[in-house]
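Trainee: Hey, dropping target_25.cif in here, mmCIF, C-alpha atoms:
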```cif
data_data
#
loop_
_atom_site.label_atom_id
_atom_site.label_comp_id
_atom_site.auth_asym_id
_atom_site.auth_seq_id
_atom_site.Cartn_x
_atom_site.Cartn_y
_atom_site.Cartn_z
CA MET A 266 36.14 -30.05 -17.97
CA LYS A 267 32.99 -28.74 -19.54
CA THR A 268 30.99 -30.39 -16.82
CA THR A 269 33.05 -28.63 -14.18
CA TYR A 270 32.44 -25.27 -15.81
CA LEU A 271 28.74 -26.02 -16.07
CA SER A 272 28.51 -27.11 -12.44
CA ALA A 273 30.27 -23.94 -11.35
CA LEU A 274 27.87 -21.87 -13.42
CA VAL A 275 24.85 -23.64 -12.00
CA LEU A 276 26.16 -23.14 -8.48
CA LEU A 277 26.79 -19.47 -9.13
CA ALA A 278 23.35 -19.01 -10.63
CA SER A 279 21.56 -20.63 -7.71
CA ALA A 280 23.63 -18.66 -5.22
CA SER A 281 22.63 -15.42 -6.98
CA ALA A 282 18.98 -16.42 -7.03
CA VAL A 283 18.91 -16.62 -3.23
CA PRO A 284 19.31 -13.13 -1.76
CA VAL A 285 22.46 -13.03 0.35
CA SER A 286 21.10 -11.74 3.62
CA SER A 287 21.29 -12.48 7.29
CA ILE A 288 17.87 -10.97 7.89
CA ALA A 289 15.27 -13.27 9.33
CA ALA A 290 11.67 -13.13 8.19
CA GLY A 291 9.68 -10.45 9.96
CA ASP A 292 8.22 -11.36 13.33
CA ALA A 293 4.86 -9.75 14.05
CA ALA A 294 5.11 -10.04 17.83
CA THR A 295 8.54 -8.38 17.92
CA GLY A 296 7.25 -5.88 15.39
CA LYS A 297 4.36 -4.90 17.64
CA ALA A 298 6.77 -3.65 20.30
CA LYS A 299 8.96 -1.92 17.71
CA ALA A 300 5.88 -0.26 16.17
CA ALA A 301 4.94 1.62 19.35
CA THR A 302 6.15 4.90 17.82
CA CYS A 303 4.34 4.23 14.53
CA MET A 304 1.08 3.70 16.38
CA GLY A 305 1.25 7.27 17.70
CA CYS A 306 0.02 8.34 14.27
CA HIS A 307 -0.90 5.21 12.30
CA GLY A 308 -2.82 3.65 15.19
CA ILE A 309 -5.23 6.56 15.51
CA PRO A 310 -8.24 6.41 13.19
CA SER A 311 -8.42 9.42 10.86
CA TYR A 312 -5.20 10.94 12.18
CA ILE A 313 -4.30 13.96 10.04
CA ASN A 314 -0.87 14.90 8.72
CA PRO A 315 -0.61 18.62 9.63
CA TYR A 316 0.71 20.16 6.42
CA PRO A 317 -0.02 19.40 3.71
CA THR A 318 -3.29 18.16 5.15
CA TYR A 319 -4.25 14.54 4.52
CA HIS A 320 -4.97 11.40 6.49
CA VAL A 321 -1.93 9.32 7.36
CA PRO A 322 -2.23 5.97 5.57
CA ARG A 323 -3.99 2.95 7.00
CA LEU A 324 -1.40 0.21 7.41
CA GLY A 325 -3.40 -2.69 8.87
CA GLY A 326 -3.45 -5.53 6.36
CA GLN A 327 -0.98 -3.84 4.00
CA HIS A 328 1.53 -6.09 2.24
CA ALA A 329 4.70 -6.49 4.34
CA GLN A 330 6.93 -6.38 1.26
CA TYR A 331 5.49 -3.00 0.24
CA LEU A 332 5.84 -1.61 3.78
CA VAL A 333 9.53 -2.57 3.87
CA SER A 334 10.13 -0.95 0.47
CA ALA A 335 8.35 2.21 1.66
CA LEU A 336 10.53 2.42 4.79
CA GLN A 337 13.67 1.78 2.74
CA ALA A 338 12.63 4.56 0.34
CA TYR A 339 12.20 7.01 3.26
CA LYS A 340 15.58 5.96 4.65
CA ALA A 341 17.22 6.50 1.25
CA GLY A 342 15.52 9.88 0.81
CA GLN A 343 13.49 8.71 -2.18
CA ARG A 344 10.30 9.65 -0.37
CA SER A 345 10.15 13.10 1.13
CA HIS A 346 8.36 13.10 4.45
CA PRO A 347 10.62 14.57 7.18
CA THR A 348 9.09 12.63 10.07
CA MET A 349 9.06 9.35 8.18
CA GLN A 350 12.63 9.87 6.97
CA ALA A 351 13.80 10.43 10.54
CA GLN A 352 11.93 7.37 11.77
CA ALA A 353 13.17 5.15 8.96
CA LYS A 354 16.77 6.21 9.50
CA SER A 355 16.58 4.87 13.05
CA LEU A 356 15.44 1.45 11.84
CA SER A 357 17.59 -1.53 10.88
CA ASP A 358 16.60 -3.85 8.05
CA GLN A 359 15.42 -6.36 10.64
CA ASP A 360 13.33 -3.69 12.42
CA MET A 361 11.61 -2.90 9.12
CA GLU A 362 10.83 -6.57 8.47
CA ASP A 363 9.37 -6.99 11.98
CA ILE A 364 7.31 -3.78 11.87
CA ALA A 365 6.01 -4.66 8.41
CA ALA A 366 5.03 -8.15 9.62
CA PHE A 367 3.12 -6.58 12.51
CA PHE A 368 1.11 -4.22 10.31
CA ALA A 369 0.50 -6.87 7.65
CA ALA A 370 -0.98 -9.09 10.36
CA SER A 371 -3.10 -6.23 11.76
CA GLY A 372 -5.83 -6.38 9.11
CA LYS A 373 -9.42 -7.19 9.91
CA MET B 256 -33.26 41.94 -16.68
CA LYS B 257 -32.53 40.11 -19.90
CA ARG B 258 -28.92 41.17 -19.61
CA LEU B 259 -28.72 39.75 -16.14
CA THR B 260 -30.01 36.32 -17.11
CA PRO B 261 -26.71 35.07 -18.62
CA ILE B 262 -24.92 36.17 -15.46
CA PHE B 263 -27.34 34.23 -13.30
CA VAL B 264 -26.99 31.18 -15.48
CA PHE B 265 -23.21 31.47 -15.42
CA THR B 266 -23.16 31.83 -11.63
CA LEU B 267 -25.48 28.86 -11.23
CA LEU B 268 -23.37 26.70 -13.52
CA SER B 269 -20.17 27.69 -11.76
CA ALA B 270 -21.69 26.82 -8.40
CA LEU B 271 -22.77 23.42 -9.68
CA GLY B 272 -19.38 22.85 -11.24
CA LEU B 273 -17.59 23.68 -8.02
CA ASN B 274 -19.82 21.32 -6.08
CA ALA B 275 -19.15 18.53 -8.53
CA HIS B 276 -15.42 19.02 -8.11
CA ALA B 277 -15.36 19.39 -4.33
CA GLY B 278 -14.73 15.69 -3.68
CA GLY B 279 -13.87 12.58 -5.61
CA ASN B 280 -16.35 10.70 -7.74
CA ALA B 281 -15.90 6.99 -7.03
CA GLU B 282 -17.63 5.87 -10.22
CA ALA B 283 -15.43 8.10 -12.38
CA GLY B 284 -12.44 6.82 -10.42
CA LYS B 285 -13.46 3.21 -11.02
CA ALA B 286 -13.49 3.82 -14.78
CA LEU B 287 -10.07 5.50 -14.64
CA ALA B 288 -8.60 2.79 -12.42
CA ALA B 289 -9.85 0.09 -14.78
CA GLN B 290 -7.60 1.49 -17.51
CA THR B 291 -4.27 1.29 -15.69
CA CYS B 292 -4.19 0.80 -11.90
CA VAL B 293 -5.84 -2.65 -12.02
CA ALA B 294 -2.86 -4.29 -13.67
CA CYS B 295 -0.77 -4.03 -10.50
CA HIS B 296 -3.15 -2.93 -7.73
CA GLY B 297 -6.07 -5.25 -8.56
CA ALA B 298 -9.58 -4.38 -9.71
CA ASP B 299 -10.75 -3.35 -6.24
CA GLY B 300 -7.32 -2.23 -4.99
CA ASN B 301 -6.45 -5.45 -3.19
CA SER B 302 -3.24 -6.22 -5.05
CA ALA B 303 -2.23 -9.86 -5.40
CA ASP B 304 1.49 -9.08 -5.77
CA PRO B 305 2.92 -8.03 -2.36
CA GLN B 306 5.38 -5.57 -3.88
CA TYR B 307 2.45 -3.32 -4.84
CA PRO B 308 0.49 -1.64 -2.04
CA ARG B 309 -3.11 -2.45 -1.30
CA LEU B 310 -5.14 0.66 -2.09
CA ALA B 311 -8.52 -0.76 -1.10
CA GLY B 312 -9.76 0.90 2.07
CA GLN B 313 -6.99 3.48 2.02
CA HIS B 314 -7.86 7.11 2.83
CA ALA B 315 -8.90 8.88 -0.39
CA ASP B 316 -6.87 11.99 0.39
CA TYR B 317 -3.75 9.92 1.10
CA ILE B 318 -4.05 8.27 -2.32
CA GLU B 319 -4.55 11.71 -3.86
CA ARG B 320 -1.47 13.00 -2.02
CA ALA B 321 0.63 10.03 -3.16
CA LEU B 322 -0.37 10.63 -6.79
CA LEU B 323 0.39 14.35 -6.45
CA ASP B 324 3.79 13.54 -4.94
CA TYR B 325 4.59 11.25 -7.88
CA LYS B 326 3.60 14.04 -10.26
CA ASN B 327 5.66 16.75 -8.53
CA GLY B 328 8.63 14.44 -7.93
CA ALA B 329 8.42 14.28 -4.13
CA ARG B 330 8.00 10.55 -4.56
CA THR B 331 10.00 8.72 -7.19
CA ASN B 332 8.97 5.52 -8.86
CA PRO B 333 9.53 4.87 -12.56
CA ILE B 334 6.22 3.05 -13.02
CA MET B 335 4.05 5.50 -11.12
CA THR B 336 5.71 8.61 -12.53
CA GLY B 337 4.69 7.47 -15.99
CA PHE B 338 1.08 6.87 -15.04
CA VAL B 339 0.40 10.09 -13.15
CA ALA B 340 1.59 12.35 -15.96
CA SER B 341 -1.81 12.20 -17.64
CA LEU B 342 -3.88 12.56 -14.45
CA SER B 343 -5.60 15.82 -13.48
CA LYS B 344 -6.16 16.77 -9.84
CA GLN B 345 -9.78 15.75 -10.21
CA ASP B 346 -8.73 12.37 -11.65
CA MET B 347 -6.59 11.84 -8.54
CA LYS B 348 -9.54 12.65 -6.26
CA ASP B 349 -11.77 10.30 -8.25
CA VAL B 350 -9.28 7.40 -8.16
CA GLY B 351 -8.78 7.99 -4.42
CA ALA B 352 -12.54 7.96 -3.82
CA TRP B 353 -12.91 4.67 -5.71
CA PHE B 354 -10.23 2.73 -3.86
CA ALA B 355 -11.24 4.22 -0.50
CA SER B 356 -14.76 2.87 -1.03
CA GLN B 357 -13.53 -0.72 -1.29
CA PRO B 358 -12.92 -3.00 1.72
CA GLY B 359 -9.19 -3.42 2.35
CA VAL B 360 -6.60 -1.94 4.69
CA VAL B 361 -7.62 -0.71 8.13
CA THR B 362 -6.24 1.37 10.99
CA PRO B 363 -4.74 -1.07 13.49
CA VAL B 364 -6.12 0.22 16.77
CA GLN B 365 -4.54 -1.29 19.84
CA PRO B 366 -6.86 -2.22 22.69
CA ASN B 367 -7.13 0.43 25.36
CA THR B 368 -4.61 -0.59 27.96
CA ILE B 369 -5.56 2.10 30.48
CA SER B 370 -9.02 0.90 31.42
CA LYS B 371 -9.22 -2.24 33.56
#
```
Take the structure in the file and give it back as structure tokens.
Mentor:
Amino acid sequence: MKTTYLSALVLLASASAVPVSSIAAGDAATGKAKAATCMGCHGIPSYINPYPTYHVPRLGGQHAQYLVSALQAYKAGQRSHPTMQAQAKSLSDQDMEDIAAFFAASGK
Amino acid sequence: MKRLTPIFVFTLLSALGLNAHAGGNAEAGKALAAQTCVACHGADGNSADPQYPRLAGQHADYIERALLDYKNGARTNPIMTGFVASLSKQDMKDVGAWFASQPGVVTPVQPNTISK
């Protein structure tokens, strides 16, 4: 009886450890096509955000995991850039993974 | 003339001070970064843990803007909000200048597809 309980607990614990998700790992090639809009700003060296004035961030070689969390934060309204919020809202979780994989692979 | 001297000196010092504060000082930023940022972002800004962004090679003014946004609440992150509380605007410029000076992230420029 105790063994059954333990087995159930172990099963539950391992199931929780693996994120329940149907999202495949990001695909850089797919992400390249999906990132066409992003490149309008992030693909131009020294592109300037109009106001307030600062360079839009360099994304080539950035960690994919961070890029996904940044997009999710824009989508959730935790980061306040109107253009990025609008873009992020149009993206699915899979889109974000693919786009992030593309930029992560676009380092030197 | 003697009365004017202090004014001249003051003006000169102010001008020097303004120049010193116009941009970020990478060396000052390196010292600041060594106190806190390194723990997550790495000594040169190339973080080992993929949940933390690489700051190496990033635009200095973008880093400064991110820090400002954490301070004014436009960007929310429990860890970062705690760290930026003690930073002055000049500190933010200095930290930005330091990480920007290190090799890291780049702008991914696509090859020109128009020319043959």
Trainee: Report as a count of residues only the full result of the PyMOL selection byres ((chain A) within 10 of (chain B)) when it is applied to this structure.
Mentor: 45
Trainee: Step by step: start from the point (10.7, -4.6, 11.6) in the file's coordinates, keep every protein, DNA or RNA residue that has an atom no farther than 9 Å from it, count only C-alpha atoms, and write the set as a list in words.
Mentor: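 Checking each residue against the 9 Å limit leaves Gly291, Asp292, Ala293, Thr295, Gly296, Lys297, Lys299, Ala300, Val333, Leu356, Ser357, Asp358, Gln359, Asp360, Met361, Glu362, Asp363, Ile364, Ala365, Ala366 and Phe367 of chain A.
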Trainee: Tell me, in Å to one decimal, how far CA of Gly305 in chain A is from CA of Gly279 in chain B.
Mentor: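 Interatomic distance, CA of Gly305 in chain A to CA of Gly279 in chain B: 28.3 Å.
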Trainee: Calculate how many Å separate CA of Gly351 in chain B from CA of Cys295 in chain B, rounding to one decimal.
Mentor: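 For CA of Gly351 in chain B relative to CA of Cys295 in chain B, the distance reads 15.7 Å.
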Trainee: Can you measure CA of Leu336 in chain A to CA of Gln352 in chain A for me? One decimal in Å is fine.
Mentor: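 Going from CA of Leu336 in chain A over to CA of Gln352 in chain A, I get 8.7 Å.
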Trainee: Residue by residue, what does the PyMOL selection byres ((chain B and resi 283) around 8) grab here? Present the result as a list in words.
Mentor: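 This file gives the following for the PyMOL selection byres ((chain B and resi 283) around 8): Asn280, Ala281, Glu282, Gly284, Lys285, Ala286, Leu287, Asp346, Asp349, Val350 and Trp353 of chain B.
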Trainee: Counting all atoms listed in the file, what is within 9 Å of Ala298 in chain B, bar same-chain residues fewer than 6 positions away, as number ranges by chain?
Mentor: B: 285, 288-289, 292
Trainee: Could you model N, CA and C atoms for range 319-333 of chain A and present them as a PDB file, in the frame of the given file?
Mentor:
```pdb
ATOM      1  N   TYR A 319      -3.652  15.785   5.026  1.00  0.00           N
ATOM      2  CA  TYR A 319      -4.250  14.540   4.520  1.00  0.00           C
ATOM      3  C   TYR A 319      -4.161  13.500   5.615  1.00  0.00           C
ATOM      4  N   HIS A 320      -5.001  12.467   5.502  1.00  0.00           N
ATOM      5  CA  HIS A 320      -4.970  11.400   6.490  1.00  0.00           C
ATOM      6  C   HIS A 320      -3.699  10.573   6.337  1.00  0.00           C
ATOM      7  N   VAL A 321      -3.071  10.234   7.450  1.00  0.00           N
ATOM      8  CA  VAL A 321      -1.930   9.320   7.360  1.00  0.00           C
ATOM      9  C   VAL A 321      -2.468   7.963   6.920  1.00  0.00           C
ATOM     10  N   PRO A 322      -1.690   7.203   6.147  1.00  0.00           N
ATOM     11  CA  PRO A 322      -2.230   5.970   5.570  1.00  0.00           C
ATOM     12  C   PRO A 322      -2.588   4.901   6.586  1.00  0.00           C
ATOM     13  N   ARG A 323      -3.623   4.133   6.220  1.00  0.00           N
ATOM     14  CA  ARG A 323      -3.990   2.950   7.000  1.00  0.00           C
ATOM     15  C   ARG A 323      -2.986   1.861   6.652  1.00  0.00           C
ATOM     16  N   LEU A 324      -2.427   1.210   7.654  1.00  0.00           N
ATOM     17  CA  LEU A 324      -1.400   0.210   7.410  1.00  0.00           C
ATOM     18  C   LEU A 324      -1.832  -1.215   7.771  1.00  0.00           C
ATOM     19  N   GLY A 325      -2.947  -1.351   8.466  1.00  0.00           N
ATOM     20  CA  GLY A 325      -3.400  -2.690   8.870  1.00  0.00           C
ATOM     21  C   GLY A 325      -3.817  -3.518   7.676  1.00  0.00           C
ATOM     22  N   GLY A 326      -3.134  -4.660   7.478  1.00  0.00           N
ATOM     23  CA  GLY A 326      -3.450  -5.530   6.360  1.00  0.00           C
ATOM     24  C   GLY A 326      -2.676  -5.194   5.091  1.00  0.00           C
ATOM     25  N   GLN A 327      -1.805  -4.191   5.174  1.00  0.00           N
ATOM     26  CA  GLN A 327      -0.980  -3.840   4.000  1.00  0.00           C
ATOM     27  C   GLN A 327       0.075  -4.929   3.783  1.00  0.00           C
ATOM     28  N   HIS A 328       0.502  -5.090   2.540  1.00  0.00           N
ATOM     29  CA  HIS A 328       1.530  -6.090   2.240  1.00  0.00           C
ATOM     30  C   HIS A 328       2.841  -5.736   2.948  1.00  0.00           C
ATOM     31  N   ALA A 329       3.442  -6.717   3.625  1.00  0.00           N
ATOM     32  CA  ALA A 329       4.700  -6.490   4.340  1.00  0.00           C
ATOM     33  C   ALA A 329       5.808  -6.049   3.381  1.00  0.00           C
ATOM     34  N   GLN A 330       5.864  -6.694   2.228  1.00  0.00           N
ATOM     35  CA  GLN A 330       6.930  -6.380   1.260  1.00  0.00           C
ATOM     36  C   GLN A 330       6.861  -4.903   0.842  1.00  0.00           C
ATOM     37  N   TYR A 331       5.639  -4.407   0.625  1.00  0.00           N
ATOM     38  CA  TYR A 331       5.490  -3.000   0.240  1.00  0.00           C
ATOM     39  C   TYR A 331       5.907  -2.087   1.400  1.00  0.00           C
ATOM     40  N   LEU A 332       5.508  -2.450   2.622  1.00  0.00           N
ATOM     41  CA  LEU A 332       5.840  -1.610   3.780  1.00  0.00           C
ATOM     42  C   LEU A 332       7.355  -1.488   3.949  1.00  0.00           C
ATOM     43  N   VAL A 333       8.067  -2.599   3.773  1.00  0.00           N
ATOM     44  CA  VAL A 333       9.530  -2.570   3.870  1.00  0.00           C
ATOM     45  C   VAL A 333      10.106  -1.653   2.790  1.00  0.00           C
TER      46      VAL A 333
END
```
